[in-house]
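Structure file protein_22.cif with mmCIF, C-alpha atoms:
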```
data_coords
loop_
_atom_site.label_atom_id
_atom_site.label_comp_id
_atom_site.auth_asym_id
_atom_site.auth_seq_id
_atom_site.Cartn_x
_atom_site.Cartn_y
_atom_site.Cartn_z
CA MET A 1 -1.87 -29.54 40.62
CA ASP A 2 -2.41 -25.87 41.29
CA MET A 3 -3.58 -24.25 38.11
CA THR A 4 -4.17 -20.77 39.53
CA ALA A 5 -0.93 -19.19 38.35
CA PHE A 6 -1.33 -20.77 34.96
CA CYS A 7 -4.84 -19.38 34.65
CA ASP A 8 -3.70 -15.94 35.73
CA VAL A 9 -1.10 -15.78 33.01
CA GLY A 10 -3.55 -17.19 30.50
CA PHE A 11 -6.15 -14.55 31.20
CA LEU A 12 -3.59 -11.80 31.29
CA LEU A 13 -2.49 -12.76 27.80
CA LEU A 14 -6.07 -13.08 26.71
CA SER A 15 -6.97 -9.59 27.88
CA PHE A 16 -3.82 -8.22 26.26
CA PHE A 17 -4.71 -9.67 22.89
CA ILE A 18 -8.33 -8.65 23.17
CA LEU A 19 -7.37 -5.07 23.88
CA THR A 20 -4.60 -4.76 21.31
CA THR A 21 -6.26 -6.55 18.45
CA LYS A 22 -7.51 -4.43 15.63
CA PHE A 23 -9.55 -6.11 13.02
CA LYS A 24 -8.58 -5.44 9.49
CA PRO A 25 -11.15 -3.18 7.90
CA PRO A 26 -12.97 -5.00 5.15
CA GLU A 27 -11.00 -4.50 2.00
CA ALA A 28 -12.80 -4.03 -1.20
CA LEU A 29 -9.81 -4.90 -3.28
CA THR A 30 -7.23 -7.50 -2.48
CA VAL A 31 -4.00 -5.62 -2.91
CA VAL A 32 -0.58 -7.15 -2.42
CA THR A 33 1.72 -4.21 -1.86
CA PRO A 34 5.29 -4.24 -3.15
CA GLY A 35 8.12 -4.27 -0.64
CA SER A 36 10.33 -1.32 0.14
CA VAL A 37 13.07 -0.54 2.63
CA SER A 38 11.10 2.37 4.02
CA SER A 39 10.34 1.85 7.68
CA LYS A 40 8.04 4.81 8.12
CA GLU A 41 4.67 3.76 9.45
CA ALA A 42 1.63 4.73 7.48
CA GLU A 43 -0.61 7.07 9.41
CA ALA A 44 -4.11 5.87 10.13
CA THR A 45 -5.91 9.17 10.52
CA ASP A 46 -6.84 11.94 8.09
CA GLN A 47 -6.14 9.63 5.24
CA CYS A 48 -7.36 9.58 1.72
CA LEU A 49 -6.40 6.24 0.28
CA VAL A 50 -6.39 5.46 -3.41
CA SER A 51 -6.24 1.69 -3.91
CA VAL A 52 -5.35 0.22 -7.24
CA GLY A 53 -6.02 -3.45 -7.84
CA PRO A 54 -3.99 -5.85 -9.98
CA ASP A 55 -6.28 -5.17 -12.92
CA GLY A 56 -5.94 -1.40 -12.58
CA ARG A 57 -9.29 -0.71 -10.95
CA VAL A 58 -9.18 2.31 -8.70
CA PHE A 59 -11.07 2.62 -5.42
CA ILE A 60 -10.95 5.62 -3.11
CA SER A 61 -11.55 5.59 0.63
CA PHE A 62 -11.34 7.94 3.60
CA SER A 63 -10.63 7.14 7.20
CA GLU A 64 -13.12 9.62 8.66
CA GLU A 65 -16.84 9.37 8.06
CA ASN A 66 -17.46 13.11 7.96
CA ARG A 67 -14.79 13.47 5.28
CA ARG A 68 -16.60 10.97 3.07
CA VAL A 69 -19.77 13.01 3.33
CA GLU A 70 -17.96 16.29 2.72
CA VAL A 71 -16.11 15.00 -0.33
CA VAL A 72 -19.23 13.53 -1.89
CA ASP A 73 -21.12 16.71 -1.05
CA ASP A 74 -18.43 18.77 -2.75
CA LEU A 75 -18.53 16.55 -5.84
CA ASN A 76 -22.29 16.73 -5.88
CA LYS A 77 -22.38 20.52 -5.71
CA ARG A 78 -19.54 21.10 -8.12
CA LEU A 79 -20.55 18.68 -10.83
CA GLY A 80 -24.32 18.57 -10.34
CA LEU A 81 -24.59 14.84 -9.66
CA GLN A 82 -28.16 15.32 -8.45
CA LEU A 83 -27.73 13.41 -5.23
CA SER A 84 -30.29 14.07 -2.52
CA GLU A 85 -29.17 15.11 0.94
CA ALA A 86 -29.95 11.63 2.27
CA GLU A 87 -27.83 10.08 -0.45
CA VAL A 88 -24.93 12.37 0.32
CA ASN A 89 -25.21 11.52 4.02
CA SER A 90 -25.29 7.81 3.23
CA ALA A 91 -21.74 8.20 1.88
CA GLY A 92 -20.57 8.38 5.50
CA THR A 93 -21.03 4.67 6.02
CA SER A 94 -19.52 3.77 2.70
CA GLU A 95 -16.09 2.20 3.29
CA TYR A 96 -14.99 2.96 -0.22
CA PHE A 97 -16.15 4.50 -3.48
CA ALA A 98 -15.75 2.46 -6.59
CA SER A 99 -17.88 3.74 -9.41
CA SER A 100 -17.80 6.40 -12.05
CA LEU A 101 -19.32 9.70 -11.05
CA ASN A 102 -22.53 9.23 -12.98
CA GLN A 103 -22.97 5.81 -11.38
CA LEU A 104 -22.32 7.18 -7.90
CA LYS A 105 -26.03 7.54 -7.16
CA SER A 106 -26.75 3.88 -7.84
CA PHE A 107 -23.53 2.85 -6.07
CA LEU A 108 -24.62 4.61 -2.88
CA ALA A 109 -28.06 3.01 -3.19
CA ILE A 110 -26.61 -0.50 -2.87
CA PRO A 111 -26.97 -1.70 0.74
CA LEU A 112 -23.61 -2.02 2.51
CA ASP A 113 -23.90 -5.74 3.14
CA ARG A 114 -24.61 -6.40 -0.52
CA ARG A 115 -21.51 -4.65 -1.78
CA VAL A 116 -19.01 -7.01 -3.25
CA GLY A 117 -15.80 -5.14 -4.01
CA ASN A 118 -14.90 -7.21 -7.02
CA SER A 119 -18.13 -6.42 -8.81
CA PHE A 120 -17.43 -2.71 -9.14
CA PRO A 121 -15.70 -1.18 -12.13
CA GLY A 122 -13.76 1.35 -10.05
CA ILE A 123 -13.17 5.00 -10.79
CA PRO A 124 -12.31 5.51 -14.46
CA ILE A 125 -8.77 6.83 -14.85
CA LYS A 126 -7.29 5.14 -17.88
CA ASP A 127 -8.59 7.62 -20.36
CA THR A 128 -6.55 10.79 -19.85
CA ALA A 129 -9.35 12.99 -21.17
CA ASN A 130 -11.85 11.46 -18.77
CA ASN A 131 -9.81 10.81 -15.66
CA GLU A 132 -12.48 11.07 -12.96
CA LEU A 133 -9.96 10.71 -10.17
CA VAL A 134 -9.00 14.30 -11.02
CA GLU A 135 -12.43 15.40 -9.83
CA TRP A 136 -12.19 13.27 -6.73
CA VAL A 137 -8.79 14.64 -5.81
CA ARG A 138 -10.00 18.18 -6.47
CA SER A 139 -12.85 17.66 -4.00
CA VAL A 140 -10.43 16.09 -1.55
CA GLY A 141 -8.25 19.19 -1.91
CA ASN A 142 -11.24 21.45 -1.28
CA VAL A 143 -12.38 19.52 1.78
CA PHE A 144 -8.95 19.16 3.35
CA LEU A 145 -7.92 22.71 2.47
CA GLY A 146 -5.51 23.99 5.10
CA GLU A 147 -5.85 20.82 7.14
CA LYS A 148 -3.70 17.79 7.47
CA LEU A 149 -4.16 15.30 4.68
CA ASN A 150 -2.40 11.99 4.35
CA LEU A 151 -2.73 11.20 0.71
CA MET A 152 -1.81 7.60 0.07
CA VAL A 153 -1.60 5.23 -2.82
CA LYS A 154 -1.86 1.53 -2.28
CA GLY A 155 -1.12 -0.37 -5.43
CA ASP A 156 -0.86 -4.03 -6.21
CA GLN A 157 2.61 -5.06 -7.24
CA THR A 158 1.45 -6.69 -10.46
CA MET A 159 -0.51 -3.68 -11.64
CA GLN A 160 0.66 -2.14 -14.87
CA TYR A 161 2.23 1.29 -14.83
CA PRO A 162 -0.44 3.20 -16.85
CA ALA A 163 -2.91 2.84 -13.96
CA PHE A 164 -0.37 4.31 -11.55
CA LYS A 165 0.36 7.07 -14.02
CA GLY A 166 -3.35 7.90 -14.13
CA VAL A 167 -3.31 8.28 -10.35
CA ILE A 168 -0.19 10.45 -10.37
CA ASP A 169 -1.65 12.62 -13.12
CA ALA A 170 -4.78 13.17 -11.05
CA PHE A 171 -2.62 14.27 -8.12
CA LYS A 172 -0.44 16.49 -10.25
CA LYS A 173 -3.35 18.25 -11.88
CA ASN A 174 -4.58 19.23 -8.44
CA ASP A 175 -1.17 20.26 -7.13
CA GLN A 176 -1.12 17.42 -4.63
CA MET A 177 2.59 16.89 -4.99
CA LYS A 178 3.24 14.96 -1.83
CA PHE A 179 1.88 11.52 -1.16
CA LEU A 180 2.73 8.20 0.39
CA ILE A 181 3.01 4.84 -1.28
CA ILE A 182 1.90 2.02 1.00
CA THR A 183 4.46 -0.75 0.96
CA SER A 184 5.35 -3.76 3.02
CA GLN A 185 8.62 -3.59 4.83
CA GLU A 186 11.75 -5.22 3.51
CA SER A 187 15.12 -5.45 5.17
CA ILE A 188 17.87 -3.11 4.03
CA PRO A 189 20.38 -4.92 1.82
CA GLY A 190 23.85 -4.99 3.32
CA GLY A 191 26.86 -3.17 1.91
CA THR A 192 24.84 -0.26 0.55
CA PRO A 193 24.96 3.43 1.49
CA LEU A 194 21.57 3.12 3.15
CA ALA A 195 22.78 0.25 5.32
CA ALA A 196 25.78 2.36 6.36
CA LYS A 197 23.49 5.28 7.16
CA ALA A 198 21.16 3.09 9.20
CA ARG A 199 24.09 1.73 11.18
CA LYS A 200 25.33 5.25 11.94
CA GLU A 201 21.93 6.19 13.29
CA VAL A 202 21.85 3.18 15.54
CA ILE A 203 25.28 4.06 16.92
CA LYS A 204 24.18 7.66 17.55
CA GLU A 205 21.28 6.47 19.64
CA MET B 1 -35.73 -41.97 35.37
CA ALA B 2 -36.06 -44.32 38.20
CA GLU B 3 -32.36 -44.68 38.50
CA ILE B 4 -31.80 -40.95 38.55
CA ALA B 5 -34.42 -40.55 41.20
CA GLU B 6 -32.76 -43.29 43.18
CA GLY B 7 -29.37 -41.67 42.76
CA GLY B 8 -30.80 -38.32 43.79
CA GLY B 9 -32.32 -39.97 46.77
CA GLY B 10 -28.94 -41.44 47.59
CA GLY B 11 -27.53 -37.97 47.91
CA HIS B 12 -30.20 -37.03 50.37
CA LYS B 13 -29.37 -39.68 52.86
CA LYS B 14 -29.78 -38.10 56.22
CA GLY B 15 -26.68 -38.83 58.17
CA PRO B 16 -23.88 -39.50 55.71
CA GLY B 17 -25.26 -37.03 53.13
CA VAL B 18 -24.91 -34.06 55.43
CA LYS B 19 -21.44 -35.10 56.41
CA LYS B 20 -20.46 -35.44 52.76
CA GLY B 21 -21.71 -31.92 52.03
CA LYS B 22 -19.37 -30.54 54.63
CA LYS B 23 -16.45 -32.45 53.21
CA LEU B 24 -17.14 -31.37 49.62
CA SER B 25 -14.44 -29.03 48.43
CA THR B 26 -15.45 -25.65 46.97
CA ARG B 27 -12.83 -26.05 44.26
CA VAL B 28 -14.17 -25.97 40.73
CA ASP B 29 -12.64 -27.87 37.89
CA LEU B 30 -10.90 -25.11 35.92
CA THR B 31 -9.91 -27.24 32.94
CA PRO B 32 -12.72 -26.20 30.54
CA LEU B 33 -12.24 -22.58 31.53
CA VAL B 34 -8.55 -22.74 30.75
CA ASP B 35 -9.25 -24.56 27.53
CA LEU B 36 -11.58 -21.84 26.43
CA ALA B 37 -9.16 -19.11 27.48
CA PHE B 38 -6.34 -20.57 25.45
CA LEU B 39 -8.59 -21.11 22.51
CA LEU B 40 -9.42 -17.40 22.61
CA ILE B 41 -5.75 -16.51 23.02
CA THR B 42 -4.81 -18.44 19.92
CA PHE B 43 -7.68 -16.81 18.05
CA PHE B 44 -6.56 -13.32 18.98
CA ILE B 45 -2.91 -14.09 18.31
CA PHE B 46 -3.78 -15.17 14.80
CA THR B 47 -6.18 -12.36 14.00
CA THR B 48 -4.10 -9.56 15.45
CA THR B 49 -2.18 -7.52 12.91
CA MET B 50 1.15 -6.73 14.41
CA SER B 51 2.68 -5.53 11.17
CA THR B 52 1.32 -2.11 10.38
CA PRO B 53 1.80 -1.12 6.78
CA THR B 54 4.75 1.10 6.03
CA ALA B 55 4.81 3.89 3.53
CA MET B 56 7.36 5.61 1.37
CA ASN B 57 7.24 9.29 0.63
CA LEU B 58 7.14 10.51 -2.92
CA PHE B 59 7.30 14.12 -3.99
CA LEU B 60 6.28 14.91 -7.50
CA PRO B 61 7.93 17.66 -9.50
CA LYS B 62 5.64 20.26 -10.90
CA ASP B 63 5.11 20.11 -14.63
CA THR B 64 6.17 23.43 -16.04
CA GLU B 65 5.30 24.42 -19.55
CA LYS B 66 8.19 26.82 -19.85
CA PRO B 67 11.45 25.01 -20.45
CA GLU B 68 13.54 27.78 -18.88
CA GLU B 69 11.91 27.10 -15.51
CA GLN B 70 12.91 23.47 -15.54
CA ASN B 71 15.90 22.32 -13.61
CA LYS B 72 18.60 21.54 -16.05
CA ALA B 73 20.51 18.45 -15.16
CA LYS B 74 24.16 18.46 -16.08
CA GLU B 75 24.41 16.08 -18.97
CA SER B 76 27.39 14.12 -17.78
CA GLY B 77 25.84 13.53 -14.38
CA ALA B 78 22.61 12.05 -15.63
CA LEU B 79 21.69 8.40 -15.65
CA THR B 80 18.44 7.42 -17.26
CA LEU B 81 16.80 4.16 -16.31
CA ILE B 82 13.94 2.98 -18.49
CA LEU B 83 11.81 0.27 -16.95
CA GLY B 84 10.64 -2.16 -19.59
CA LYS B 85 8.57 -5.27 -19.48
CA ASP B 86 9.61 -8.57 -17.87
CA GLN B 87 12.03 -7.02 -15.38
CA SER B 88 14.25 -5.56 -18.07
CA VAL B 89 15.84 -2.17 -17.66
CA TYR B 90 17.31 -0.02 -20.42
CA TYR B 91 19.70 2.67 -19.44
CA TYR B 92 22.07 5.28 -20.76
CA GLU B 93 24.35 7.87 -19.29
CA GLY B 94 24.19 11.51 -20.22
CA ILE B 95 22.31 12.30 -23.41
CA LEU B 96 21.03 9.55 -25.63
CA ALA B 97 23.27 9.33 -28.70
CA THR B 98 21.40 9.83 -31.93
CA ASP B 99 22.40 6.40 -33.17
CA GLY B 100 21.60 4.85 -29.78
CA ALA B 101 25.21 3.79 -29.21
CA ASN B 102 25.08 4.34 -25.45
CA PHE B 103 21.70 2.68 -25.05
CA LYS B 104 22.21 -0.43 -22.96
CA GLN B 105 20.10 -3.13 -21.42
CA MET B 106 20.29 -5.02 -18.14
CA PRO B 107 18.12 -7.20 -15.94
CA PHE B 108 16.50 -5.52 -12.96
CA SER B 109 18.85 -7.21 -10.50
CA GLU B 110 21.85 -5.34 -11.89
CA MET B 111 20.32 -1.93 -11.34
CA ARG B 112 21.95 -1.48 -7.96
CA LYS B 113 25.40 -2.05 -9.38
CA VAL B 114 24.85 0.36 -12.27
CA VAL B 115 23.48 3.04 -9.96
CA MET B 116 26.33 2.60 -7.49
CA ASP B 117 28.93 2.73 -10.27
CA LYS B 118 27.40 5.92 -11.55
CA LYS B 119 27.37 7.37 -8.06
CA THR B 120 31.04 6.69 -7.44
CA ASN B 121 32.06 8.00 -10.88
CA THR B 122 30.13 11.26 -10.73
CA ALA B 123 30.59 14.46 -8.79
CA LYS B 124 28.04 14.59 -5.99
CA ASP B 125 26.32 17.75 -7.16
CA ASP B 126 25.98 16.64 -10.76
CA LEU B 127 24.38 13.30 -10.13
CA VAL B 128 20.79 13.02 -11.16
CA ILE B 129 18.91 9.85 -11.95
CA VAL B 130 15.93 9.84 -14.23
CA ILE B 131 13.48 6.97 -13.92
CA LYS B 132 11.29 6.43 -16.94
CA PRO B 133 8.66 3.75 -16.52
CA THR B 134 7.15 2.45 -19.74
CA ASP B 135 3.55 1.31 -19.99
CA GLU B 136 4.65 -2.30 -19.80
CA CYS B 137 6.37 -2.27 -16.45
CA THR B 138 4.58 -3.05 -13.22
CA PHE B 139 3.98 -0.98 -10.12
CA ALA B 140 6.43 -3.20 -8.23
CA ASN B 141 9.14 -2.22 -10.73
CA VAL B 142 8.48 1.47 -10.12
CA VAL B 143 8.54 1.07 -6.35
CA ASP B 144 11.67 -1.07 -6.54
CA ALA B 145 13.40 1.51 -8.72
CA LEU B 146 12.46 4.30 -6.29
CA ASP B 147 13.65 2.06 -3.51
CA GLU B 148 17.02 1.64 -5.20
CA MET B 149 17.38 5.41 -5.01
CA THR B 150 16.83 5.26 -1.26
CA ILE B 151 19.19 2.32 -0.92
CA ALA B 152 21.94 4.01 -2.90
CA ASP B 153 21.23 7.27 -1.03
CA ILE B 154 20.65 9.27 -4.22
CA LYS B 155 19.55 12.81 -3.43
CA ARG B 156 18.27 13.85 -6.83
CA TYR B 157 16.06 11.65 -8.90
CA ALA B 158 12.97 12.18 -10.99
CA MET B 159 10.25 10.19 -12.63
CA VAL B 160 9.63 11.19 -16.22
CA ASP B 161 7.69 9.81 -19.16
CA VAL B 162 9.45 7.90 -21.89
CA SER B 163 10.18 9.78 -25.10
CA GLU B 164 9.34 8.42 -28.52
CA GLY B 165 12.96 8.03 -29.54
CA GLU B 166 13.57 5.83 -26.52
CA MET B 167 10.46 3.78 -27.23
CA ALA B 168 11.72 3.15 -30.75
CA LEU B 169 15.08 2.01 -29.41
CA ILE B 170 13.40 -0.35 -26.94
CA GLN B 171 11.37 -1.86 -29.72
CA ALA B 172 14.47 -2.24 -31.84
CA THR B 173 16.26 -3.99 -28.97
CA GLN B 174 13.32 -6.25 -28.41
CA ALA B 175 13.19 -7.11 -32.11
CA ALA B 176 16.88 -8.03 -31.97
CA ASN B 177 16.25 -10.25 -28.94
CA PRO B 178 13.04 -12.10 -29.78
CA GLY B 179 13.04 -13.67 -26.32
CA GLY B 180 12.08 -10.29 -24.96
CA ALA B 181 14.06 -10.73 -21.78
CA PRO B 182 17.57 -9.31 -21.61
CA ALA B 183 20.26 -11.74 -22.65
CA PRO B 184 21.84 -12.52 -19.24
CA ALA B 185 18.47 -13.18 -17.64
CA ALA B 186 17.29 -15.37 -20.50
CA GLN B 187 20.15 -17.75 -19.99
CA ASN B 188 19.37 -18.36 -16.36
#
```

Now, as a test, write the supplied structure out as structure tokens.
Amino acid sequence: MDMTAFCDVGFLLLSFFILTTKFKPPEALTVVTPGSVSSKEAEATDQCLVSVGPDGRVFISFSEENRRVEVVDDLNKRLGLQLSEAEVNSAGTSEYFASSLNQLKSFLAIPLDRRVGNSFPGIPIKDTANNELVEWVRSVGNVFLGEKLNLMVKGDQTMQYPAFKGVIDAFKKNDQMKFLIITSQESIPGGTPLAAKARKEVIKE
Amino acid sequence: MAEIAEGGGGGHKKGPGVKKGKKLSTRVDLTPLVDLAFLLITFFIFTTTMSTPTAMNLFLPKDTEKPEEQNKAKESGALTLILGKDQSVYYYEGILATDGANFKQMPFSEMRKVVMDKKTNTAKDDLVIVIKPTDECTFANVVDALDEMTIADIKRYAMVDVSEGEMALIQATQAANPGGAPAPAAQN
């Protein structure tokens, strides 16, 4: 039997999947996002992502390496964290930040391959008087000043509201009034105004 | 060893060996290659993430200290939804009566109906929905409630903290229903 055509198709598919595949970045926190009818795609660049785990632990991450360094540098200069230049630069390879500010030095000292997301306490936010995310967001605001920033919150669906409130408060205090909530897509329930609207748009097109 | 050598020698037979070499086809058995290719295809199909995460926009109102700067919602057009624990929702229309007479409770699943009823019964410009999450509700509840606003196509809604009077009423309702869950849901 002539297998040539079969092989051709096989390798075509193979190359397609190799080229389109994007490996999930290692996630520090396992977050199951709640569903929403929003169909807007989350942007992958210029993002500052605040992840909140089921137990309310808060991790912060940035998509660009230079942003990580700049934000940590800003924190370091503003709050006197006494990080050396090498330590600040090492923040570039850090996928996420998950410690209180005074532990940041020892957090950055942990080699990347030894970091286990679940072992970190996260950024303290629960105490309103000592909400360290406020400082983080302030630095983010300084670094991204006048530039495009995609501020996002990715929360686990079982997380309790006070943790989310802590995040919102940190945004509000820094006048970051616009942000995205990462959700997984759900279908629009029928017989609702939104369903009617969606249908109209389809007809228009 | 000896056998292999013999076999090898067999291949080097002068006359017939040369003839055989000419007859040998250049075709390679492609089966292992194809096997491997399809194995890789399945691997990439399973690891590829086709579903990119979606996001919903949320704009926060600015906290103003001065009450005169705040947007005043017309009392009759307001619907307040308080998200409690275990999927329960407390709600009231307009201003909360001092004796809590208009303070009602429903399971989360009925929220859409209540919101839609309010929408049809209220003038478009007066309608404003206030979402008040308590400390006991989950993030999924908050997102679902915000989602209901999108589904019902509500233009004006806000997320506000729960007041003490409302907290007291919730606790009173919970004390009256020791099951904690709202009555219709508890029976299911």

Residues matched by the PyMOL selection byres ((chain A) within 9 of (chain B)), written as a PyMOL selection string: chain A and resi 3-4+6-7+10-11+13-15+17-18+20-24+33-43+152+155-165+168+171-172+175-185+188-189+192-195+197

How far is it from CA of Cys48 in chain A to CA of Ala86 in chain A, in Å with one decimal? 22.7 Å

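The residue that comes closest to Glu95 in chain A, out of A:Leu29, A:Arg138, A:Leu149, A:Leu133 and on the basis of all atoms listed in the file, is A:Leu29.
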
Would you compute, for all listed atoms of range 32-49 of chain A, the axis-aligned bounding box grown by 6 Å on each side, and then report its centre and edge lengths in Å rounded to one decimal, as lines of an AutoDock Vina configuration file?
```
center_x = 2.9
center_y = 2.4
center_z = 3.7
size_x = 32.4
size_y = 31.1
size_z = 25.7
```

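Rounded to one decimal, CA of Ser106 in chain A and CA of Leu83 in chain A lie 9.9 Å from each other.
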
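Across the structure, CA of Val160 in chain B and CA of Ser100 in chain A are spaced 28.2 Å apart.
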
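Counting all atoms listed in the file and comparing B:Thr26, B:Thr120, B:Ser109, B:Ser88, the residue that lies closest to Thr173 in chain B is B:Ser88.
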
Shortest interatomic distance to Gln87 in chain B - which of B:Pro32, B:Pro107, B:Gly165, B:Gly100, counting all atoms listed in the file: B:Pro107

Might you pull out every residue within 12 Å of Ile123 in chain A, with all atoms listed in the file counted and same-chain residues fewer than 3 positions away left off, and present them as a ChimeraX atom specification? /A:50-53,56-61,96-104,107,120,126-127,130-137,163,166-167,170

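With all atoms listed in the file as the atoms that count, the residue of B:Gln174, B:Thr80, B:Gln105, B:Ser25 with the shortest distance to Tyr157 in chain B is B:Thr80.
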